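Heads up, upload-v7.cif below (mmCIF, C-alpha atoms):
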data_work
loop_
_atom_site.label_atom_id
_atom_site.label_comp_id
_atom_site.auth_asym_id
_atom_site.auth_seq_id
_atom_site.Cartn_x
_atom_site.Cartn_y
_atom_site.Cartn_z
CA MET A 1 33.09 13.97 0.38
CA LYS A 2 34.12 12.27 -2.87
CA LYS A 3 34.63 9.05 -0.95
CA LEU A 4 31.11 9.30 0.49
CA ILE A 5 29.63 9.89 -2.96
CA TYR A 6 31.54 6.91 -4.36
CA LEU A 7 30.52 4.64 -1.49
CA SER A 8 26.86 5.73 -1.76
CA THR A 9 26.80 4.76 -5.41
CA ILE A 10 28.51 1.42 -4.80
CA PHE A 11 26.15 0.73 -1.91
CA LEU A 12 23.12 1.37 -4.11
CA ILE A 13 24.36 -0.93 -6.87
CA MET A 14 25.32 -3.67 -4.41
CA VAL A 15 21.93 -3.61 -2.67
CA LEU A 16 19.86 -3.60 -5.85
CA THR A 17 21.77 -6.41 -7.51
CA THR A 18 21.86 -8.81 -4.57
CA GLY A 19 18.11 -9.17 -4.05
CA CYS A 20 18.30 -7.69 -0.57
CA VAL A 21 15.53 -5.13 -1.08
CA LYS A 22 12.00 -5.89 0.12
CA TYR A 23 8.78 -3.95 -0.38
CA SER A 24 5.71 -4.56 1.75
CA TYR A 25 2.51 -2.74 0.88
CA ASN A 26 -0.54 -2.61 3.14
CA ILE A 27 -3.74 -1.01 1.87
CA GLU A 28 -6.75 -0.90 4.16
CA ILE A 29 -10.25 0.29 3.23
CA ASP A 30 -12.92 0.74 5.90
CA LYS A 31 -16.73 0.83 5.68
CA ASN A 32 -16.72 4.61 5.34
CA ASN A 33 -14.37 4.43 2.33
CA ASN A 34 -11.36 5.77 4.22
CA ILE A 35 -8.17 4.38 2.68
CA SER A 36 -4.82 3.87 4.37
CA VAL A 37 -1.83 3.27 2.09
CA GLU A 38 1.29 1.99 3.87
CA LYS A 39 4.62 1.04 2.39
CA ILE A 40 7.54 -0.58 4.20
CA GLN A 41 10.77 -0.50 2.21
CA THR A 42 13.64 -2.42 3.78
CA ILE A 43 17.17 -3.60 3.08
CA ASP A 44 18.56 -6.77 4.58
CA SER A 45 20.78 -6.06 7.60
CA SER A 46 23.39 -8.48 6.32
CA VAL A 47 24.26 -5.91 3.69
CA PHE A 48 25.10 -3.41 6.39
CA GLY A 49 27.34 -5.96 8.06
CA THR A 50 29.44 -6.26 4.92
CA TYR A 51 29.41 -2.54 4.35
CA ASP A 52 31.19 -0.80 7.18
CA ASN A 53 29.95 2.75 6.68
CA THR A 54 26.87 3.69 8.69
CA GLU A 55 27.14 7.25 7.40
CA VAL A 56 26.29 6.06 3.89
CA VAL A 57 23.37 3.95 5.13
CA ASP A 58 21.97 6.77 7.22
CA LYS A 59 22.36 9.23 4.38
CA SER A 60 20.46 6.95 2.00
CA LEU A 61 17.61 6.44 4.48
CA ASN A 62 17.41 10.13 5.36
CA TYR A 63 17.27 11.06 1.69
CA GLY A 64 14.49 8.56 1.03
CA LYS A 65 12.60 9.83 4.08
CA SER A 66 12.76 13.45 2.93
CA LYS A 67 11.51 12.52 -0.55
CA LEU A 68 8.52 10.60 0.82
CA GLU A 69 7.67 13.45 3.16
CA GLU A 70 7.68 15.80 0.18
CA ASP A 71 4.96 13.57 -1.32
CA GLY A 72 2.82 13.97 1.81
CA TYR A 73 3.60 10.68 3.56
CA GLU A 74 4.06 10.20 7.29
CA VAL A 75 7.48 8.57 7.45
CA SER A 76 9.41 6.80 10.19
CA THR A 77 12.49 4.61 10.24
CA TYR A 78 11.83 0.89 10.41
CA ALA A 79 13.98 -1.86 11.87
CA ASP A 80 13.60 -5.48 12.89
CA ASP A 81 16.00 -8.37 13.50
CA LYS A 82 16.67 -8.83 9.80
CA SER A 83 16.31 -5.49 8.10
CA ARG A 84 16.36 -1.71 8.18
CA GLY A 85 14.42 0.79 6.15
CA LEU A 86 11.53 3.22 5.98
CA LYS A 87 7.85 2.95 6.83
CA SER A 88 5.55 5.46 5.13
CA ARG A 89 1.79 5.96 5.43
CA LYS A 90 -0.80 8.22 3.85
CA LEU A 91 -4.56 8.54 4.43
CA TYR A 92 -7.17 9.24 1.76
CA LYS A 93 -10.91 9.37 1.14
CA LEU A 94 -12.10 7.23 -1.75
CA ASP A 95 -13.64 10.18 -3.59
CA GLU A 96 -10.40 12.16 -3.22
CA ILE A 97 -7.82 9.53 -4.18
CA HIS A 98 -6.53 9.33 -7.75
CA ARG A 99 -4.87 6.59 -9.76
CA GLY A 100 -1.63 8.57 -9.52
CA ASP A 101 -1.67 8.17 -5.72
CA LEU A 102 -0.71 4.50 -6.02
CA PRO A 103 2.80 3.75 -4.69
CA ALA A 104 5.66 3.55 -7.18
CA GLY A 105 5.53 0.31 -9.16
CA PHE A 106 1.71 0.17 -9.28
CA LYS A 107 -0.44 1.20 -12.23
CA SER A 108 -4.23 1.26 -12.34
CA ASN A 109 -5.77 -0.24 -15.46
CA ASN A 110 -8.95 1.75 -14.75
CA LYS A 111 -9.42 5.51 -14.86
CA LYS A 112 -9.62 5.60 -11.07
CA PHE A 113 -7.71 4.23 -8.06
CA ILE A 114 -10.76 2.01 -7.42
CA GLU A 115 -13.55 1.72 -9.98
CA THR A 116 -17.00 2.14 -8.38
CA LYS A 117 -20.37 1.30 -9.91
CA SER A 118 -23.70 1.92 -8.20
CA LEU A 119 -27.04 0.16 -8.79
CA TRP A 120 -29.71 2.77 -7.93
CA GLY A 121 -27.75 3.63 -4.80
CA ILE A 122 -28.67 0.24 -3.34
CA LYS A 123 -25.53 -1.72 -4.18
CA ASP A 124 -22.02 -0.39 -4.88
CA THR A 125 -19.44 -2.56 -6.61
CA TYR A 126 -15.76 -1.78 -6.03
CA THR A 127 -13.16 -3.05 -8.49
CA ILE A 128 -9.37 -2.99 -8.19
CA ASP A 129 -7.52 -3.70 -11.43
CA TRP A 130 -3.83 -2.91 -11.00
CA THR A 131 -0.52 -4.00 -12.46
CA TYR A 132 2.69 -4.06 -10.40
CA SER A 133 6.27 -4.08 -11.60
CA VAL A 134 9.01 -4.50 -9.02
CA LYS A 135 11.49 -3.03 -11.50
CA ASP A 136 9.47 0.17 -11.65
CA ALA A 137 9.20 0.19 -7.85
CA VAL A 138 12.98 0.06 -7.43
CA LYS A 139 13.58 2.45 -10.30
CA ASN A 140 11.40 5.08 -8.65
CA SER A 141 12.67 4.55 -5.12
CA LYS A 142 14.91 7.23 -3.68
CA TYR A 143 18.04 5.63 -2.23
CA SER A 144 20.80 8.01 -3.16
CA GLU A 145 20.79 11.61 -4.31
CA GLU A 146 24.19 11.14 -5.90
CA ALA A 147 23.02 8.07 -7.84
CA GLU A 148 20.13 10.08 -9.23
CA LYS A 149 22.45 12.90 -10.23
CA ARG A 150 24.65 10.39 -12.03
CA ASP A 151 21.52 9.02 -13.79
CA ILE A 152 22.25 5.40 -12.93
CA ASN A 153 19.96 3.07 -14.90
CA ILE A 154 18.50 1.10 -12.01
CA GLY A 155 16.14 -0.89 -14.23
CA LYS A 156 19.11 -2.10 -16.27
CA LEU A 157 21.00 -3.05 -13.11
CA ILE A 158 18.10 -5.22 -11.94
CA SER A 159 17.71 -6.89 -15.34
CA GLU A 160 21.39 -7.71 -15.57
CA SER A 161 21.59 -9.02 -12.01
CA GLY A 162 19.03 -11.79 -12.65
CA ILE A 163 17.88 -11.48 -9.03
CA LYS A 164 14.62 -9.75 -8.16
CA PRO A 165 13.83 -7.91 -4.96
CA GLN A 166 11.03 -9.25 -2.81
CA ALA A 167 7.61 -7.60 -2.83
CA GLU A 168 4.27 -8.38 -1.23
CA LEU A 169 0.86 -6.73 -1.00
CA VAL A 170 -1.90 -7.00 1.61
CA ILE A 171 -5.31 -5.43 1.00
CA LYS A 172 -7.91 -5.36 3.78
CA ILE A 173 -11.49 -4.65 2.75
CA PRO A 174 -14.67 -4.18 4.84
CA TYR A 175 -16.71 -6.78 2.98
CA LYS A 176 -16.06 -10.20 1.46
CA SER A 177 -14.25 -10.45 -1.85
CA ILE A 178 -16.51 -11.79 -4.60
CA HIS A 179 -13.73 -12.09 -7.18
CA ASP A 180 -9.94 -11.91 -6.94
CA ASN A 181 -6.65 -13.50 -7.94
CA ALA A 182 -4.92 -13.23 -4.55
CA THR A 183 -2.10 -15.60 -3.63
CA SER A 184 -3.79 -16.29 -0.27
CA ILE A 185 -6.90 -15.13 1.60
CA SER A 186 -7.81 -14.90 5.29
CA ASN A 187 -10.27 -13.26 7.70
CA ASP A 188 -13.40 -14.48 5.92
CA ASN A 189 -12.24 -13.28 2.47
CA LYS A 190 -11.57 -9.76 3.76
CA GLU A 191 -7.77 -9.88 3.92
CA LEU A 192 -6.01 -10.70 0.67
CA HIS A 193 -2.32 -11.30 0.06
CA TRP A 194 -0.36 -11.14 -3.19
CA ASN A 195 3.21 -12.17 -3.95
CA LEU A 196 4.27 -9.37 -6.28
CA VAL A 197 7.32 -11.05 -7.78
CA ASP A 198 6.66 -13.42 -10.66
CA GLU A 199 9.63 -15.47 -11.83
CA ASN A 200 8.30 -15.60 -15.41
CA ASN A 201 6.99 -12.07 -15.86
CA ASP A 202 8.16 -8.57 -15.08
CA SER A 203 4.71 -7.51 -13.89
CA VAL A 204 1.94 -8.98 -11.74
CA HIS A 205 -1.78 -8.43 -12.30
CA ILE A 206 -3.92 -7.65 -9.22
CA ILE A 207 -7.67 -8.18 -9.40
CA LEU A 208 -10.14 -7.64 -6.56
CA LYS A 209 -13.88 -6.99 -6.49
CA TYR A 210 -16.27 -6.58 -3.58
CA GLU A 211 -19.79 -5.25 -3.01
CA LYS A 212 -21.34 -2.95 -0.46
CA TYR A 213 -25.10 -2.82 0.14
CA ASN A 214 -26.65 0.47 1.27
CA TYR A 215 -29.26 -0.82 3.71
CA ASN A 216 -30.67 2.65 4.35
CA ALA A 217 -31.35 2.99 0.65
CA ILE A 218 -32.90 -0.49 0.58
CA ILE A 219 -35.18 0.35 3.52
CA GLY A 220 -36.13 3.62 1.83
CA PHE A 221 -36.84 1.84 -1.45
CA VAL A 222 -39.01 -0.79 0.28
CA ALA A 223 -40.85 1.91 2.24
CA LEU A 224 -41.51 3.83 -0.96
CA LEU A 225 -42.72 0.66 -2.66
CA LEU A 226 -45.06 -0.17 0.21
CA ALA A 227 -46.34 3.39 0.24
CA GLY A 228 -47.06 3.12 -3.47
CA VAL A 229 -48.89 -0.17 -3.03
CA GLY A 230 -50.84 1.30 -0.13
CA PHE A 231 -51.82 4.32 -2.21
CA ILE A 232 -53.06 2.09 -5.03
CA ILE A 233 -55.13 -0.03 -2.63
CA LEU A 234 -56.59 3.07 -0.99
CA TYR A 235 -57.41 4.54 -4.39
CA LYS A 236 -59.23 1.38 -5.44
CA VAL A 237 -61.19 1.24 -2.16
CA LEU A 238 -62.27 4.88 -2.48
CA LYS A 239 -63.19 4.40 -6.11
CA ARG A 240 -65.28 1.35 -5.24
CA ASP A 241 -67.07 3.30 -2.49
CA ASP A 242 -67.89 6.06 -5.01
CA VAL A 243 -69.51 3.50 -7.31
CA VAL A 244 -71.65 2.09 -4.45
CA TYR A 245 -73.03 5.50 -3.51
#

Go through the file and emit its structure as structure tokens.
Amino acid sequence: MKKLIYLSTIFLIMVLTTGCVKYSYNIEIDKNNNISVEKIQTIDSSVFGTYDNTEVVDKSLNYGKSKLEEDGYEVSTYADDKSRGLKSRKLYKLDEIHRGDLPAGFKSNNKKFIETKSLWGIKDTYTIDWTYSVKDAVKNSKYSEEAEKRDINIGKLISESGIKPQAELVIKIPYKSIHDNATSISNDNKELHWNLVDENNDSVHIILKYEKYNYNAIIGFVALLLAGVGFIILYKVLKRDDVVY
């Protein structure tokens, strides 16, 4: 048991200080304001090859899985040719999601997850203004129960290593972006990608703004306007007829 605890701690330190951790975030918003938040957290398989103890690896992944499930995420193990890890996903409604529901490492600079402004119910403007720190993401990730009990300063480990984990963000929106600072854009300005690791700064700023027009409200507004104009014309016609008689 003591050996397993020791190896778990060494494994954690080795992984975090060799830049073998990768975070991939996928956030998708549909036209009905349903939001899917997905996070894939992986460790390079080469690390496992140099660390001959699958029990430690499995224990770390199982612990991380249980912690994410406690937070309400659907969690599954993830594996490809180059890495192993966890894939977690959670669904929200825009009016139910809070800034605190952002994955670890993200911080909203607004009071809400997504700031929404409405112009007479005709046009809604959605604004994302977040900051991401990969150090905070790693610091708040659950790799090892024993490492947490020992209060290992993960942020300090990352700073001293000089090597940063990889992190990327993809946001898919139902309408074209009208303003953003994405690293790359595709799908007619509806799929935006950010590289979340900046060599010069500890944090990365994420800006995105898009608009949604409520065509039912527009039709209703036009109909009301036409009805008003029609009423005025009818009133003038009737008034003119009264004068003639």

Picked residues, the PyMOL selection byres ((chain A and resi 173) around 9), expected as a ChimeraX atom specification:
/A:27-31,171-172,174-177,189-192,210

Residues just named, written with C-alpha atoms as a PDB file, in the frame of the given file:
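Saved to selection.pdb:
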ATOM      1  CA  ILE A  27      -3.740  -1.010   1.870  1.00  0.00           C
ATOM      2  CA  GLU A  28      -6.750  -0.900   4.160  1.00  0.00           C
ATOM      3  CA  ILE A  29     -10.250   0.290   3.230  1.00  0.00           C
ATOM      4  CA  ASP A  30     -12.920   0.740   5.900  1.00  0.00           C
ATOM      5  CA  LYS A  31     -16.730   0.830   5.680  1.00  0.00           C
ATOM      6  CA  ILE A 171      -5.310  -5.430   1.000  1.00  0.00           C
ATOM      7  CA  LYS A 172      -7.910  -5.360   3.780  1.00  0.00           C
ATOM      8  CA  PRO A 174     -14.670  -4.180   4.840  1.00  0.00           C
ATOM      9  CA  TYR A 175     -16.710  -6.780   2.980  1.00  0.00           C
ATOM     10  CA  LYS A 176     -16.060 -10.200   1.460  1.00  0.00           C
ATOM     11  CA  SER A 177     -14.250 -10.450  -1.850  1.00  0.00           C
ATOM     12  CA  ASN A 189     -12.240 -13.280   2.470  1.00  0.00           C
ATOM     13  CA  LYS A 190     -11.570  -9.760   3.760  1.00  0.00           C
ATOM     14  CA  GLU A 191      -7.770  -9.880   3.920  1.00  0.00           C
ATOM     15  CA  LEU A 192      -6.010 -10.700   0.670  1.00  0.00           C
ATOM     16  CA  TYR A 210     -16.270  -6.580  -3.580  1.00  0.00           C
TER      17      TYR A 210
END

Selection result of the PyMOL selection byres ((chain A and resi 109) around 7) on this file, as a VMD selection string
chain A and resid 107 to 108 110 to 111 129 to 130

All residues 8 Å or closer to Lys209 in chain A, only C-alpha atoms, same chain fewer than 5 positions away omitted, as a ChimeraX atom specification
/A:125-128,177-180

Could those residues be written to a file, using C-alpha atoms, as a CSV table (one decimal), in the coordinates of the input?
chain,number,residue,atom,x,y,z
A,125,THR,CA,-19.4,-2.6,-6.6
A,126,TYR,CA,-15.8,-1.8,-6.0
A,127,THR,CA,-13.2,-3.0,-8.5
A,128,ILE,CA,-9.4,-3.0,-8.2
A,177,SER,CA,-14.2,-10.4,-1.8
A,178,ILE,CA,-16.5,-11.8,-4.6
A,179,HIS,CA,-13.7,-12.1,-7.2
A,180,ASP,CA,-9.9,-11.9,-6.9

Do you know which residues lie at most 8 Å from (13.3, 6.6, 5.4), with coordinates as in the file and only C-alpha atoms counted, and could you write them as an mmCIF file with C-alpha atoms, keeping the file's coordinate frame?
data_model
loop_
_atom_site.group_PDB
_atom_site.id
_atom_site.type_symbol
_atom_site.label_atom_id
_atom_site.label_comp_id
_atom_site.auth_asym_id
_atom_site.auth_seq_id
_atom_site.Cartn_x
_atom_site.Cartn_y
_atom_site.Cartn_z
ATOM 1 C CA SER A 60 20.460 6.950 2.000
ATOM 2 C CA LEU A 61 17.610 6.440 4.480
ATOM 3 C CA ASN A 62 17.410 10.130 5.360
ATOM 4 C CA TYR A 63 17.270 11.060 1.690
ATOM 5 C CA GLY A 64 14.490 8.560 1.030
ATOM 6 C CA LYS A 65 12.600 9.830 4.080
ATOM 7 C CA SER A 66 12.760 13.450 2.930
ATOM 8 C CA LEU A 68 8.520 10.600 0.820
ATOM 9 C CA VAL A 75 7.480 8.570 7.450
ATOM 10 C CA SER A 76 9.410 6.800 10.190
ATOM 11 C CA THR A 77 12.490 4.610 10.240
ATOM 12 C CA TYR A 78 11.830 0.890 10.410
ATOM 13 C CA GLY A 85 14.420 0.790 6.150
ATOM 14 C CA LEU A 86 11.530 3.220 5.980
ATOM 15 C CA LYS A 87 7.850 2.950 6.830
ATOM 16 C CA SER A 88 5.550 5.460 5.130
#

Within 10 Å of (7.0, 5.2, -4.8) (coordinates as in the file), grab all the protein and nucleic acid residues, counting all atoms listed in the file, and write them out as a PyMOL selection string.
chain A and resi 39+41+67-68+71+101-106+136-142

Would you work out the distance separating CA of Lys90 in chain A from CA of Glu115 in chain A, expressed in Å to one decimal?
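Between these atoms lies a distance of 19.9 Å.
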
How far is it from CA of Val204 in chain A to CA of Ala182 in chain A, in Å with one decimal?
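Going from CA of Val204 in chain A over to CA of Ala182 in chain A, I get 10.8 Å.
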
Please, what distance in Å, to one decimal, runs between CA of Asn32 in chain A and CA of Ile185 in chain A?
22.4 Å

Using the chain letters and numbers from this file, what does the PyMOL selection byres ((chain A and resi 134) around 8) select? Give the answer as a PDB file with C-alpha atoms, in the coordinates of the input.
ATOM      1  CA  GLY A 105       5.530   0.310  -9.160  1.00  0.00           C
ATOM      2  CA  TYR A 132       2.690  -4.060 -10.400  1.00  0.00           C
ATOM      3  CA  SER A 133       6.270  -4.080 -11.600  1.00  0.00           C
ATOM      4  CA  LYS A 135      11.490  -3.030 -11.500  1.00  0.00           C
ATOM      5  CA  ASP A 136       9.470   0.170 -11.650  1.00  0.00           C
ATOM      6  CA  ALA A 137       9.200   0.190  -7.850  1.00  0.00           C
ATOM      7  CA  VAL A 138      12.980   0.060  -7.430  1.00  0.00           C
ATOM      8  CA  LYS A 164      14.620  -9.750  -8.160  1.00  0.00           C
ATOM      9  CA  PRO A 165      13.830  -7.910  -4.960  1.00  0.00           C
ATOM     10  CA  ALA A 167       7.610  -7.600  -2.830  1.00  0.00           C
ATOM     11  CA  LEU A 196       4.270  -9.370  -6.280  1.00  0.00           C
ATOM     12  CA  VAL A 197       7.320 -11.050  -7.780  1.00  0.00           C
ATOM     13  CA  ASP A 202       8.160  -8.570 -15.080  1.00  0.00           C
ATOM     14  CA  SER A 203       4.710  -7.510 -13.890  1.00  0.00           C
TER      15      SER A 203
END

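Distances here use all atoms listed in the file; by that measure, the residue among A:Arg89, A:Arg84, A:Lys123, A:Glu70 closest to Tyr213 in chain A is A:Lys123.
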
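Proximity ranking of A:Val21, A:Ile122, A:Leu224, A:Ile114 relative to Ile40 in chain A places A:Val21 first, based on all atoms listed in the file.
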
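If you measure from each of A:Phe231, A:Asn181, A:His98, A:Gln166 to Ile207 in chain A using only C-alpha atoms, the closest one turns out to be A:Asn181.
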
Could you rebuild range 95-114 of chain A with N, CA and C atoms and give me the result as a compact mmCIF listing (two decimals), in the coordinates of the input?
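As a result, out_13.txt now contains:
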# COMPACT_ATOMS: atom_id res chain seq x y z
N ASP A 95 -13.27 9.22 -2.55
CA ASP A 95 -13.64 10.18 -3.59
C ASP A 95 -12.57 11.24 -3.83
N GLU A 96 -11.47 11.19 -3.06
CA GLU A 96 -10.40 12.16 -3.22
C GLU A 96 -9.13 11.53 -3.79
N ILE A 97 -9.04 10.22 -3.76
CA ILE A 97 -7.82 9.53 -4.18
C ILE A 97 -7.83 9.35 -5.70
N HIS A 98 -6.65 9.46 -6.30
CA HIS A 98 -6.53 9.33 -7.75
C HIS A 98 -5.62 8.16 -8.10
N ARG A 99 -5.69 7.72 -9.33
CA ARG A 99 -4.87 6.59 -9.76
C ARG A 99 -3.38 6.89 -9.58
N GLY A 100 -3.02 8.18 -9.68
CA GLY A 100 -1.63 8.57 -9.52
C GLY A 100 -1.14 8.50 -8.08
N ASP A 101 -2.06 8.27 -7.13
CA ASP A 101 -1.67 8.17 -5.72
C ASP A 101 -1.19 6.77 -5.35
N LEU A 102 -1.25 5.84 -6.28
CA LEU A 102 -0.71 4.50 -6.02
C LEU A 102 0.80 4.58 -5.79
N PRO A 103 1.35 3.74 -4.91
CA PRO A 103 2.80 3.75 -4.69
C PRO A 103 3.56 3.42 -5.97
N ALA A 104 4.81 3.83 -6.02
CA ALA A 104 5.66 3.55 -7.18
C ALA A 104 5.67 2.06 -7.48
N GLY A 105 5.56 1.72 -8.74
CA GLY A 105 5.53 0.31 -9.16
C GLY A 105 4.14 -0.15 -9.53
N PHE A 106 3.11 0.52 -8.99
CA PHE A 106 1.71 0.17 -9.28
C PHE A 106 1.16 1.04 -10.41
N LYS A 107 0.27 0.45 -11.20
CA LYS A 107 -0.44 1.20 -12.23
C LYS A 107 -1.88 0.71 -12.27
N SER A 108 -2.82 1.64 -12.25
CA SER A 108 -4.23 1.26 -12.34
C SER A 108 -4.62 1.10 -13.79
N ASN A 109 -5.29 0.00 -14.10
CA ASN A 109 -5.77 -0.24 -15.46
C ASN A 109 -7.13 0.40 -15.69
N ASN A 110 -7.71 0.99 -14.64
CA ASN A 110 -8.95 1.75 -14.75
C ASN A 110 -8.61 3.24 -14.73
N LYS A 111 -9.62 4.07 -14.90
CA LYS A 111 -9.42 5.51 -14.86
C LYS A 111 -9.27 6.03 -13.44
N LYS A 112 -9.66 5.19 -12.46
CA LYS A 112 -9.62 5.60 -11.07
C LYS A 112 -8.77 4.64 -10.24
N PHE A 113 -8.43 5.08 -9.02
CA PHE A 113 -7.71 4.23 -8.06
C PHE A 113 -8.51 2.95 -7.82
N ILE A 114 -9.82 3.12 -7.55
CA ILE A 114 -10.76 2.01 -7.42
C ILE A 114 -12.00 2.35 -8.23
